[in-house]
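**Student:** This structure is in C-alpha cells; I'll ask about it shortly.
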Amino acid sequence: MTNDTTKTAYNEKLEEISTRVLAGGAEKYHQKLEEQGKLFVRERLRLLFDEGQYVEDGKFANCEADDLPADGVVTATGKIDGQTVCVMANDSTVKAGSWGARTVEKIIRIQETAEKLRVPLLYLVDSAGARITDQLEMFPNRRGAGRIFHNQVRLSGMIPQVCLLFGPSAAGGAYIPAFCDIVIMVEGNASMYLGSPRMAEKVIGEKVTLEEMGGARMHCTVSGCGDVLVENEEQAIVEARRYLSYFPANHEAPSKHTKAKDAKEGRSLEEIIPENQNAPFDMYEAIDQLVDENSLFEIKRLFAAEVITTLARIDGRPVGIIANQPKVKGGVLFVDSADKVTKFITLCDAFSIPLLFLADVPGFMIGTKVERQGIIRHGAKLIMAMSSATVPKISVIVRKAYGAGLYAMAGPAFEPDVCIALPTAQIAVMGPEAAVNAVYSNKIEAITDPKEKIAYIKEKHEEYKEEIDIYKMASELIIDEIVAPHSLRSVLATRFAYYETKEIKKTSRKHPVYPV
Amino acid sequence: MQEVKAAMAGTIFSVDVKVGDEVKKGQVVIILESMKMEIPLEAEVDGTVTSINGTEGDFVNEEDVLVTIQS
C-alpha cells in the first residue's frame, strides 16, 4: 500500500533521475541493439542473476551529464545458483560502451569488491574502448585503465574471472578477456582486436573484414583467444552460469559437488578403443563412458582439436580432463595444443579441481614447420604447467604414450597420484616401427632379399613389443595398476575420493621461470 | 564448396572416393599417414567430389588441398 507520507519532492527527484539512468542511452541506440540481436545491459543482468535480482553501485555516476547514464557501465552484485558474484557490464547504448574516468573507477571498485568478498567476478563486455577525449582522466594514472588489468592479474587464480563477450572489445579493452579464466563469445557480434580493420588499412595497408580481423569464430578456432562459441546472448548467459557450477567461490573455498549420475549409455570402452595403436577412434565417446551423463563443460572445443580439455563430473565431483584425440591429427601434440592444455591445467590447479589425463599420444609433432614455431619451448611450457600442478592427478595410459607425450600426459616421473594402464597401453620412447628403423636401419638396408628383409623387421618388431610389454612395465613398478577398460570409471571415482585429502605443499620459491 | 585440406604434413595412405562420388558430411574421403598414425579427413558438407589431388604414397604439406566437394 502506498503511503502518502513518502511522497516528497526529494523522492520524486530521486525517482526521476533513477528512471533516466536505468533507461540507458538514447532510443536510437536501443534500436541499434535490437537490429544487432543484442540485449540491453539491464536485461542481460536480469537473465544472469537468480530471480533477476541485484544491487548496484555507482548508478548515479556522471548523472549530472545529460547523455552518460551510469557512465556507460553497470557494476552489480547478485547471486548465481545461490552463490554471490560481482559483475561489471558495459552499456553500449551510452557512447558505445566507451570508458570515461568514472567508468574506469567503477570497474576498479567492483574488482576491489569481488576481492574483498572473495567471490567470482564476471565481465560482460561490449565496449568501443577508451574515450580518447577523456584520456588524461582515464588512461595513464594510478587508478587509470591500466589498473583494471593490474587488478585482473592480481585476482587471477584467487577468484574465478569470466568474460562474456557480447560486442567489441577493442584495443586496450581487449585485455579484459585476455586476462579472464574463460571467454564466452557470441558469434557474429563479439570481436576482439588491437587495431580495427579501418586502422589496419590506414596504418599497415591491410584490407580485411571485422570477422577476419577479430571475429568470435576466428578467435575460437584460430587464435585461441576465445573458449566457448555461442549463437546468442541468452546462450552465453546459460553457459556462464553452468561454468561457475564447477568452481568454488575462491581458491580457498570448498569445491562444489553435485548428485552423482550414471554415465551415458553407450558402447563399452573395450568396443570403442581399437587395439591397433595406429587406428583412429573418437575420444569423446570414451570420455562419455567415464563421466556423469551431461556433465561436460568443454573449453576450446574448436581450437587445437587434437587434444580435448573439458570440465566434467565423476560421481558428482568436478574434474578437469586432458585427453588426446586420436581422430584429429592422430592426437599428435602441436604448438597450439600446448597453449590449450597449459591454460586449462593452470585453471584447474588454481581452483583445486583434480586432473585426469587420458593418454593416447604419438608424441609432439616433428618437422621444420613446428621447430621454427618453437615446439620445444611450447612443449616445455605444457610440461612445466603439468609438473607444477599440485591437485590430485590421475594419469591413465589408454593406448600409446610415446616420447615426451608420456611426460606431457603426467607420466610416472611427474608424480601423478597414480599411473593406471589399460591392457591396450603401450609406453615407449617411440613406436615399434620408428624404433626398429632407428636402431637397425643399417642392418635392414644390408639385407637384399625382400622376403628376408620383411621377416627380419617383423622379428625386431616382436622383440621390441616384448621389451615394452605392459606387464613388464607393471612388474618393474613403472605403472601402478592395470585396469580393465569397463571398470575404469569406478576405479577413477574411488581413487579421486581417496585423494581429496592430498596435502599441497607450498614452497618458499616465488615462481619458476616460465618457458613461454 | 568445401576444400578438404591436409590436417598436417604426411603421406597419403588411402584415397577413399573418386571424382563424381556423392559424399555425406562426416564421411571419410582420404586418410593420411603421419607420425605413424592414420589421420582420417572428413567431408564437412554433403556434395559431389569434383577433384582429387594426389594418390597413395604422395607426400603432402599441411593445408594442401586434397579433395574438393561441390555442395
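Residues in the C-alpha cells are named by chain (A, B, ... in the order shown) and by number from 1 within that chain; ligands are numbered from 1 in the order shown.
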With only C-alpha atoms counted and 10 Å as the cut-off, give the residues of chain A in contact with chain B, each with its shortest interatomic distance in Å and the pair that gives it, as a Markdown table.

**Tutor:**
| residue | atom | partner | partner_atom | distance |
| --- | --- | --- | --- | --- |
| A:Gln277 | CA | B:Met37 | CA | 8.0 |
| A:Asn278 | CA | B:Met37 | CA | 4.7 |
| A:Ala279 | CA | B:Glu38 | CA | 5.8 |
| A:Pro280 | CA | B:Glu38 | CA | 6.4 |
| A:Phe281 | CA | B:Pro40 | CA | 9.9 |
| A:Pro326 | CA | B:Ile39 | CA | 8.1 |
| A:Lys327 | CA | B:Ile39 | CA | 6.8 |
| A:Val328 | CA | B:Ile39 | CA | 6.7 |
| A:Lys329 | CA | B:Ile39 | CA | 5.7 |
| A:Gly330 | CA | B:Met37 | CA | 5.5 |
| A:Gly331 | CA | B:Met37 | CA | 8.6 |
| A:Val332 | CA | B:Met35 | CA | 7.7 |
| A:Val361 | CA | B:Met37 | CA | 9.8 |
| A:Pro362 | CA | B:Met35 | CA | 6.8 |
| A:Gly363 | CA | B:Met35 | CA | 8.3 |
| A:Phe364 | CA | B:Met35 | CA | 9.2 |
| A:Met365 | CA | B:Met35 | CA | 7.5 |
| A:Ile366 | CA | B:Met35 | CA | 8.2 |
| A:Gly367 | CA | B:Ala9 | CA | 8.5 |
| A:Lys369 | CA | B:Ala9 | CA | 9.3 |
| A:Gly431 | CA | B:Lys36 | CA | 8.0 |
| A:Pro432 | CA | B:Lys36 | CA | 9.7 |
| A:Glu433 | CA | B:Lys36 | CA | 7.8 |
| A:Ala434 | CA | B:Lys36 | CA | 7.9 |

**Student:** Excluding stretch 379-393 of chain A and its own-chain neighbours fewer than 3 positions away, which residues fall within 9 Å of it when counting only C-alpha atoms? Please give them as a PDB file with N, CA and C atoms, in the first residue's frame.

**Tutor:**
ATOM      1  N   LEU A 333      50.697 -33.824 -30.518  1.00  0.00           N
ATOM      2  CA  LEU A 333      50.681 -32.514 -29.858  1.00  0.00           C
ATOM      3  C   LEU A 333      51.414 -31.466 -30.699  1.00  0.00           C
ATOM      4  N   PHE A 334      50.787 -30.308 -30.852  1.00  0.00           N
ATOM      5  CA  PHE A 334      51.339 -29.192 -31.622  1.00  0.00           C
ATOM      6  C   PHE A 334      51.548 -27.987 -30.696  1.00  0.00           C
ATOM      7  N   VAL A 335      51.998 -26.900 -31.299  1.00  0.00           N
ATOM      8  CA  VAL A 335      52.203 -25.652 -30.549  1.00  0.00           C
ATOM      9  C   VAL A 335      50.889 -25.188 -29.901  1.00  0.00           C
ATOM     10  N   SER A 337      48.238 -26.987 -29.249  1.00  0.00           N
ATOM     11  CA  SER A 337      47.764 -27.935 -28.223  1.00  0.00           C
ATOM     12  C   SER A 337      48.426 -27.620 -26.888  1.00  0.00           C
ATOM     13  N   ALA A 338      49.704 -27.244 -26.935  1.00  0.00           N
ATOM     14  CA  ALA A 338      50.438 -26.939 -25.705  1.00  0.00           C
ATOM     15  C   ALA A 338      49.831 -25.718 -25.014  1.00  0.00           C
ATOM     16  N   ASP A 339      49.491 -24.684 -25.793  1.00  0.00           N
ATOM     17  CA  ASP A 339      48.834 -23.497 -25.221  1.00  0.00           C
ATOM     18  C   ASP A 339      47.522 -23.876 -24.550  1.00  0.00           C
ATOM     19  N   LYS A 340      46.749 -24.667 -25.264  1.00  0.00           N
ATOM     20  CA  LYS A 340      45.419 -25.053 -24.779  1.00  0.00           C
ATOM     21  C   LYS A 340      45.507 -25.813 -23.455  1.00  0.00           C
ATOM     22  N   VAL A 341      46.389 -26.791 -23.410  1.00  0.00           N
ATOM     23  CA  VAL A 341      46.487 -27.627 -22.208  1.00  0.00           C
ATOM     24  C   VAL A 341      47.090 -26.837 -21.039  1.00  0.00           C
ATOM     25  N   THR A 342      48.079 -26.002 -21.334  1.00  0.00           N
ATOM     26  CA  THR A 342      48.732 -25.217 -20.276  1.00  0.00           C
ATOM     27  C   THR A 342      47.722 -24.341 -19.546  1.00  0.00           C
ATOM     28  N   LYS A 343      46.916 -23.613 -20.313  1.00  0.00           N
ATOM     29  CA  LYS A 343      45.919 -22.727 -19.685  1.00  0.00           C
ATOM     30  C   LYS A 343      44.922 -23.538 -18.872  1.00  0.00           C
ATOM     31  N   ILE A 345      45.282 -26.519 -17.441  1.00  0.00           N
ATOM     32  CA  ILE A 345      45.867 -27.082 -16.213  1.00  0.00           C
ATOM     33  C   ILE A 345      45.995 -25.996 -15.142  1.00  0.00           C
ATOM     34  N   THR A 346      46.470 -24.815 -15.536  1.00  0.00           N
ATOM     35  CA  THR A 346      46.637 -23.754 -14.536  1.00  0.00           C
ATOM     36  C   THR A 346      45.267 -23.328 -13.978  1.00  0.00           C
ATOM     37  N   CYS A 348      42.515 -25.302 -13.633  1.00  0.00           N
ATOM     38  CA  CYS A 348      42.024 -26.326 -12.702  1.00  0.00           C
ATOM     39  C   CYS A 348      42.848 -26.333 -11.423  1.00  0.00           C
ATOM     40  N   ASP A 349      44.164 -26.218 -11.567  1.00  0.00           N
ATOM     41  CA  ASP A 349      45.041 -26.275 -10.397  1.00  0.00           C
ATOM     42  C   ASP A 349      44.754 -25.107  -9.449  1.00  0.00           C
ATOM     43  N   ALA A 350      44.517 -23.911 -10.029  1.00  0.00           N
ATOM     44  CA  ALA A 350      44.263 -22.728  -9.202  1.00  0.00           C
ATOM     45  C   ALA A 350      43.043 -22.929  -8.309  1.00  0.00           C
ATOM     46  N   PHE A 351      42.031 -23.619  -8.824  1.00  0.00           N
ATOM     47  CA  PHE A 351      40.778 -23.754  -8.077  1.00  0.00           C
ATOM     48  C   PHE A 351      40.550 -25.178  -7.571  1.00  0.00           C
ATOM     49  N   SER A 352      41.654 -25.897  -7.376  1.00  0.00           N
ATOM     50  CA  SER A 352      41.610 -27.220  -6.725  1.00  0.00           C
ATOM     51  C   SER A 352      40.685 -28.212  -7.418  1.00  0.00           C
ATOM     52  N   ILE A 353      40.658 -28.174  -8.735  1.00  0.00           N
ATOM     53  CA  ILE A 353      39.896 -29.173  -9.488  1.00  0.00           C
ATOM     54  C   ILE A 353      40.879 -30.277  -9.915  1.00  0.00           C
ATOM     55  N   PRO A 354      40.668 -31.522  -9.447  1.00  0.00           N
ATOM     56  CA  PRO A 354      41.608 -32.607  -9.772  1.00  0.00           C
ATOM     57  C   PRO A 354      41.698 -32.843 -11.284  1.00  0.00           C
ATOM     58  N   LEU A 355      42.823 -33.402 -11.697  1.00  0.00           N
ATOM     59  CA  LEU A 355      43.074 -33.580 -13.131  1.00  0.00           C
ATOM     60  C   LEU A 355      43.105 -35.058 -13.510  1.00  0.00           C
ATOM     61  N   LEU A 356      42.480 -35.344 -14.635  1.00  0.00           N
ATOM     62  CA  LEU A 356      42.526 -36.690 -15.212  1.00  0.00           C
ATOM     63  C   LEU A 356      43.155 -36.598 -16.603  1.00  0.00           C
ATOM     64  N   PHE A 357      44.238 -37.334 -16.791  1.00  0.00           N
ATOM     65  CA  PHE A 357      44.900 -37.368 -18.099  1.00  0.00           C
ATOM     66  C   PHE A 357      44.562 -38.683 -18.786  1.00  0.00           C
ATOM     67  N   PHE A 364      55.051 -35.327 -29.619  1.00  0.00           N
ATOM     68  CA  PHE A 364      54.949 -33.977 -30.175  1.00  0.00           C
ATOM     69  C   PHE A 364      55.276 -34.041 -31.658  1.00  0.00           C
ATOM     70  N   GLY A 374      58.902 -23.130 -32.504  1.00  0.00           N
ATOM     71  CA  GLY A 374      59.354 -23.316 -31.117  1.00  0.00           C
ATOM     72  C   GLY A 374      58.601 -24.414 -30.394  1.00  0.00           C
ATOM     73  N   ILE A 375      58.365 -25.536 -31.077  1.00  0.00           N
ATOM     74  CA  ILE A 375      57.611 -26.629 -30.431  1.00  0.00           C
ATOM     75  C   ILE A 375      58.278 -27.084 -29.123  1.00  0.00           C
ATOM     76  N   ILE A 376      59.584 -26.954 -29.039  1.00  0.00           N
ATOM     77  CA  ILE A 376      60.277 -27.429 -27.831  1.00  0.00           C
ATOM     78  C   ILE A 376      59.925 -26.544 -26.628  1.00  0.00           C
ATOM     79  N   ALA A 404      58.075 -37.629 -25.365  1.00  0.00           N
ATOM     80  CA  ALA A 404      57.668 -36.559 -24.459  1.00  0.00           C
ATOM     81  C   ALA A 404      56.151 -36.527 -24.294  1.00  0.00           C
ATOM     82  N   TYR A 407      55.440 -37.713 -20.954  1.00  0.00           N
ATOM     83  CA  TYR A 407      55.704 -36.679 -19.958  1.00  0.00           C
ATOM     84  C   TYR A 407      54.546 -35.677 -19.911  1.00  0.00           C
ATOM     85  N   ALA A 408      54.133 -35.196 -21.091  1.00  0.00           N
ATOM     86  CA  ALA A 408      53.073 -34.183 -21.156  1.00  0.00           C
ATOM     87  C   ALA A 408      51.791 -34.675 -20.496  1.00  0.00           C
ATOM     88  N   MET A 409      51.550 -35.996 -20.571  1.00  0.00           N
ATOM     89  CA  MET A 409      50.309 -36.538 -20.039  1.00  0.00           C
ATOM     90  C   MET A 409      50.506 -37.091 -18.618  1.00  0.00           C
ATOM     91  N   ALA A 410      51.355 -36.433 -17.865  1.00  0.00           N
ATOM     92  CA  ALA A 410      51.560 -36.737 -16.438  1.00  0.00           C
ATOM     93  C   ALA A 410      52.047 -38.171 -16.226  1.00  0.00           C
ATOM     94  N   PHE A 414      56.247 -37.595 -13.123  1.00  0.00           N
ATOM     95  CA  PHE A 414      55.700 -36.281 -12.768  1.00  0.00           C
ATOM     96  C   PHE A 414      54.743 -36.343 -11.577  1.00  0.00           C
ATOM     97  N   GLU A 415      54.952 -37.352 -10.738  1.00  0.00           N
ATOM     98  CA  GLU A 415      54.192 -37.502  -9.500  1.00  0.00           C
ATOM     99  C   GLU A 415      52.685 -37.503  -9.678  1.00  0.00           C
ATOM    100  N   PRO A 416      52.158 -38.248 -10.649  1.00  0.00           N
ATOM    101  CA  PRO A 416      50.698 -38.426 -10.605  1.00  0.00           C
ATOM    102  C   PRO A 416      50.403 -39.232  -9.339  1.00  0.00           C
ATOM    103  N   ASP A 417      49.199 -39.076  -8.788  1.00  0.00           N
ATOM    104  CA  ASP A 417      48.875 -39.851  -7.594  1.00  0.00           C
ATOM    105  C   ASP A 417      48.782 -41.328  -7.925  1.00  0.00           C
ATOM    106  N   VAL A 418      48.457 -41.614  -9.187  1.00  0.00           N
ATOM    107  CA  VAL A 418      48.548 -42.987  -9.669  1.00  0.00           C
ATOM    108  C   VAL A 418      48.693 -42.937 -11.189  1.00  0.00           C
ATOM    109  N   CYS A 419      49.457 -43.893 -11.729  1.00  0.00           N
ATOM    110  CA  CYS A 419      49.519 -44.049 -13.184  1.00  0.00           C
ATOM    111  C   CYS A 419      48.899 -45.400 -13.519  1.00  0.00           C
ATOM    112  N   PHE A 496      39.671 -40.796  -6.890  1.00  0.00           N
ATOM    113  CA  PHE A 496      39.538 -39.341  -6.695  1.00  0.00           C
ATOM    114  C   PHE A 496      38.982 -39.042  -5.295  1.00  0.00           C
ATOM    115  N   TYR A 499      41.832 -39.294  -2.845  1.00  0.00           N
ATOM    116  CA  TYR A 499      42.876 -38.273  -2.998  1.00  0.00           C
ATOM    117  C   TYR A 499      42.442 -36.889  -2.521  1.00  0.00           C
ATOM    118  N   GLU A 500      41.202 -36.793  -2.026  1.00  0.00           N
ATOM    119  CA  GLU A 500      40.693 -35.489  -1.604  1.00  0.00           C
ATOM    120  C   GLU A 500      41.536 -34.829  -0.518  1.00  0.00           C
ATOM    121  N   LYS A 502      44.703 -34.913  -0.208  1.00  0.00           N
ATOM    122  CA  LYS A 502      46.090 -34.704  -0.634  1.00  0.00           C
ATOM    123  C   LYS A 502      46.640 -33.377  -0.098  1.00  0.00           C
ATOM    124  N   GLU A 503      47.830 -33.462   0.485  1.00  0.00           N
ATOM    125  CA  GLU A 503      48.452 -32.266   1.045  1.00  0.00           C
ATOM    126  C   GLU A 503      49.123 -31.467  -0.068  1.00  0.00           C
ATOM    127  N   ILE A 504      48.876 -30.181  -0.088  1.00  0.00           N
ATOM    128  CA  ILE A 504      49.514 -29.330  -1.081  1.00  0.00           C
ATOM    129  C   ILE A 504      50.630 -28.554  -0.406  1.00  0.00           C
ATOM    130  N   LYS A 505      51.850 -28.911  -0.759  1.00  0.00           N
ATOM    131  CA  LYS A 505      52.999 -28.251  -0.131  1.00  0.00           C
ATOM    132  C   LYS A 505      53.334 -26.968  -0.875  1.00  0.00           C
ATOM    133  N   PRO A 512      58.510 -20.481 -10.721  1.00  0.00           N
ATOM    134  CA  PRO A 512      59.531 -20.932 -11.659  1.00  0.00           C
ATOM    135  C   PRO A 512      59.704 -19.902 -12.779  1.00  0.00           C
ATOM    136  N   TYR A 514      59.048 -19.277 -16.294  1.00  0.00           N
ATOM    137  CA  TYR A 514      58.171 -19.924 -17.277  1.00  0.00           C
ATOM    138  C   TYR A 514      58.806 -19.996 -18.659  1.00  0.00           C
ATOM    139  N   PRO A 515      58.890 -21.182 -19.269  1.00  0.00           N
ATOM    140  CA  PRO A 515      59.459 -21.289 -20.608  1.00  0.00           C
ATOM    141  C   PRO A 515      58.408 -21.006 -21.676  1.00  0.00           C
ATOM    142  N   VAL A 516      58.040 -19.753 -21.851  1.00  0.00           N
ATOM    143  CA  VAL A 516      56.996 -19.455 -22.847  1.00  0.00           C
ATOM    144  C   VAL A 516      57.585 -18.855 -24.121  1.00  0.00           C
TER     145      VAL A 516
END

**Student:** Show which residues sit within 10 Å of stretch 48-58 of chain B, as a PyMOL selection string. Count only C-alpha atoms, and ignore same-chain residues fewer than 5 positions away.

**Tutor:** chain B and resi 1-4+10-15+17-24+29-33+43+64-71

**Student:** From the DSSP assignment of the backbone, select every residue of chain B that is strand (DSSP E or B), and format the answer as an NGL selection string.

**Tutor:** :B and (2-5 or 10-15 or 22-23 or 28-34 or 37-42 or 47-52 or 59-60 or 65-70)

**Student:** Atom CA of A:Val119 to atom CA of A:Lys59: how many Å, to one decimal?

**Tutor:**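 Computing the Euclidean distance for atom CA of A:Val119 and atom CA of A:Lys59 yields 21.2 Å.
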
**Student:** Ranking A:Ile322, A:Val491, A:Leu155, A:Ala304 by minimum distance to A:Lys116 and counting only C-alpha atoms, which one comes first?

**Tutor:**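 Residue with the minimum atom-to-atom distance to A:Lys116: A:Leu155.
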
**Student:** How would you write, as number ranges by chain, the set of residues in stretch 91-164 of chain A that DSSP gives as alpha helix (DSSP H)?

**Tutor:** A: 101-117, 135-138, 145-155

**Student:** Just N, CA and C atoms for this one: save the residues we selected as an mmCIF file, in the first residue's frame.

**Tutor:**
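File written: selection-v6.cif
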data_model
loop_
_atom_site.group_PDB
_atom_site.id
_atom_site.type_symbol
_atom_site.label_atom_id
_atom_site.label_comp_id
_atom_site.auth_asym_id
_atom_site.auth_seq_id
_atom_site.Cartn_x
_atom_site.Cartn_y
_atom_site.Cartn_z
ATOM 1 N N ALA A 101 36.394 8.488 -17.174
ATOM 2 C CA ALA A 101 37.074 8.389 -15.880
ATOM 3 C C ALA A 101 36.242 7.606 -14.860
ATOM 4 N N ARG A 102 34.925 7.887 -14.813
ATOM 5 C CA ARG A 102 34.102 7.216 -13.809
ATOM 6 C C ARG A 102 33.830 5.762 -14.185
ATOM 7 N N THR A 103 33.773 5.486 -15.495
ATOM 8 C CA THR A 103 33.623 4.096 -15.936
ATOM 9 C C THR A 103 34.761 3.266 -15.369
ATOM 10 N N VAL A 104 35.972 3.762 -15.561
ATOM 11 C CA VAL A 104 37.159 3.043 -15.110
ATOM 12 C C VAL A 104 37.148 2.903 -13.587
ATOM 13 N N GLU A 105 36.807 4.000 -12.881
ATOM 14 C CA GLU A 105 36.771 3.942 -11.415
ATOM 15 C C GLU A 105 35.751 2.895 -10.945
ATOM 16 N N LYS A 106 34.594 2.835 -11.615
ATOM 17 C CA LYS A 106 33.575 1.856 -11.217
ATOM 18 C C LYS A 106 34.070 0.429 -11.437
ATOM 19 N N ILE A 107 34.750 0.216 -12.548
ATOM 20 C CA ILE A 107 35.259 -1.143 -12.830
ATOM 21 C C ILE A 107 36.293 -1.536 -11.769
ATOM 22 N N ILE A 108 37.177 -0.606 -11.458
ATOM 23 C CA ILE A 108 38.193 -0.891 -10.430
ATOM 24 C C ILE A 108 37.522 -1.197 -9.086
ATOM 25 N N ARG A 109 36.488 -0.443 -8.770
ATOM 26 C CA ARG A 109 35.833 -0.650 -7.473
ATOM 27 C C ARG A 109 35.124 -1.997 -7.399
ATOM 28 N N ILE A 110 34.494 -2.433 -8.484
ATOM 29 C CA ILE A 110 33.805 -3.742 -8.409
ATOM 30 C C ILE A 110 34.851 -4.862 -8.317
ATOM 31 N N GLN A 111 36.022 -4.627 -8.905
ATOM 32 C CA GLN A 111 37.105 -5.613 -8.740
ATOM 33 C C GLN A 111 37.528 -5.678 -7.270
ATOM 34 N N GLU A 112 37.631 -4.503 -6.661
ATOM 35 C CA GLU A 112 38.023 -4.472 -5.242
ATOM 36 C C GLU A 112 36.951 -5.133 -4.366
ATOM 37 N N THR A 113 35.686 -4.933 -4.752
ATOM 38 C CA THR A 113 34.591 -5.566 -4.006
ATOM 39 C C THR A 113 34.672 -7.083 -4.116
ATOM 40 N N ALA A 114 34.855 -7.577 -5.333
ATOM 41 C CA ALA A 114 34.944 -9.028 -5.538
ATOM 42 C C ALA A 114 36.128 -9.602 -4.756
ATOM 43 N N GLU A 115 37.212 -8.836 -4.703
ATOM 44 C CA GLU A 115 38.397 -9.297 -3.967
ATOM 45 C C GLU A 115 38.086 -9.404 -2.472
ATOM 46 N N LYS A 116 37.420 -8.362 -1.939
ATOM 47 C CA LYS A 116 37.119 -8.363 -0.504
ATOM 48 C C LYS A 116 36.115 -9.461 -0.147
ATOM 49 N N LEU A 117 35.109 -9.632 -1.008
ATOM 50 C CA LEU A 117 34.082 -10.644 -0.731
ATOM 51 C C LEU A 117 34.565 -12.045 -1.093
ATOM 52 N N GLN A 135 41.189 11.084 -22.200
ATOM 53 C CA GLN A 135 42.303 10.191 -21.900
ATOM 54 C C GLN A 135 43.114 10.573 -20.673
ATOM 55 N N LEU A 136 43.313 11.852 -20.438
ATOM 56 C CA LEU A 136 44.138 12.244 -19.299
ATOM 57 C C LEU A 136 43.526 11.731 -17.987
ATOM 58 N N GLU A 137 42.180 11.754 -17.909
ATOM 59 C CA GLU A 137 41.500 11.343 -16.674
ATOM 60 C C GLU A 137 41.373 9.826 -16.553
ATOM 61 N N MET A 138 41.357 9.108 -17.681
ATOM 62 C CA MET A 138 41.050 7.678 -17.561
ATOM 63 C C MET A 138 42.167 6.733 -17.980
ATOM 64 N N ALA A 145 42.974 3.100 -16.570
ATOM 65 C CA ALA A 145 42.547 1.814 -17.129
ATOM 66 C C ALA A 145 43.566 0.697 -16.890
ATOM 67 N N GLY A 146 44.825 1.068 -16.865
ATOM 68 C CA GLY A 146 45.850 0.047 -16.631
ATOM 69 C C GLY A 146 45.627 -0.701 -15.333
ATOM 70 N N ARG A 147 45.048 0.015 -14.340
ATOM 71 C CA ARG A 147 44.807 -0.586 -13.036
ATOM 72 C C ARG A 147 43.808 -1.744 -13.126
ATOM 73 N N ILE A 148 42.879 -1.650 -14.103
ATOM 74 C CA ILE A 148 41.904 -2.733 -14.291
ATOM 75 C C ILE A 148 42.652 -4.031 -14.603
ATOM 76 N N PHE A 149 43.636 -3.923 -15.491
ATOM 77 C CA PHE A 149 44.374 -5.126 -15.900
ATOM 78 C C PHE A 149 45.289 -5.603 -14.776
ATOM 79 N N HIS A 150 45.896 -4.639 -14.075
ATOM 80 C CA HIS A 150 46.736 -4.992 -12.931
ATOM 81 C C HIS A 150 45.905 -5.764 -11.901
ATOM 82 N N ASN A 151 44.681 -5.278 -11.654
ATOM 83 C CA ASN A 151 43.794 -5.977 -10.712
ATOM 84 C C ASN A 151 43.413 -7.360 -11.222
ATOM 85 N N GLN A 152 43.155 -7.461 -12.529
ATOM 86 C CA GLN A 152 42.796 -8.771 -13.087
ATOM 87 C C GLN A 152 43.920 -9.775 -12.830
ATOM 88 N N VAL A 153 45.146 -9.320 -13.033
ATOM 89 C CA VAL A 153 46.293 -10.204 -12.831
ATOM 90 C C VAL A 153 46.395 -10.589 -11.353
ATOM 91 N N ARG A 154 46.220 -9.623 -10.461
ATOM 92 C CA ARG A 154 46.295 -9.927 -9.030
ATOM 93 C C ARG A 154 45.206 -10.909 -8.614
ATOM 94 N N LEU A 155 44.015 -10.762 -9.207
ATOM 95 C CA LEU A 155 42.883 -11.610 -8.825
ATOM 96 C C LEU A 155 42.937 -12.983 -9.497
#

**Student:** At what distance in Å, to one decimal, does atom CA of A:Val21 lie from atom CA of A:Leu68?

**Tutor:** 8.3 Å

**Student:** Identify which of the residues A:Ala236, A:Ala178, A:Ala446, A:Ala23 lies closest to A:Asp67, counting only C-alpha atoms when measuring atom-to-atom distances.

**Tutor:**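 Answer, going by the shortest atom-to-atom distance: A:Ala23.
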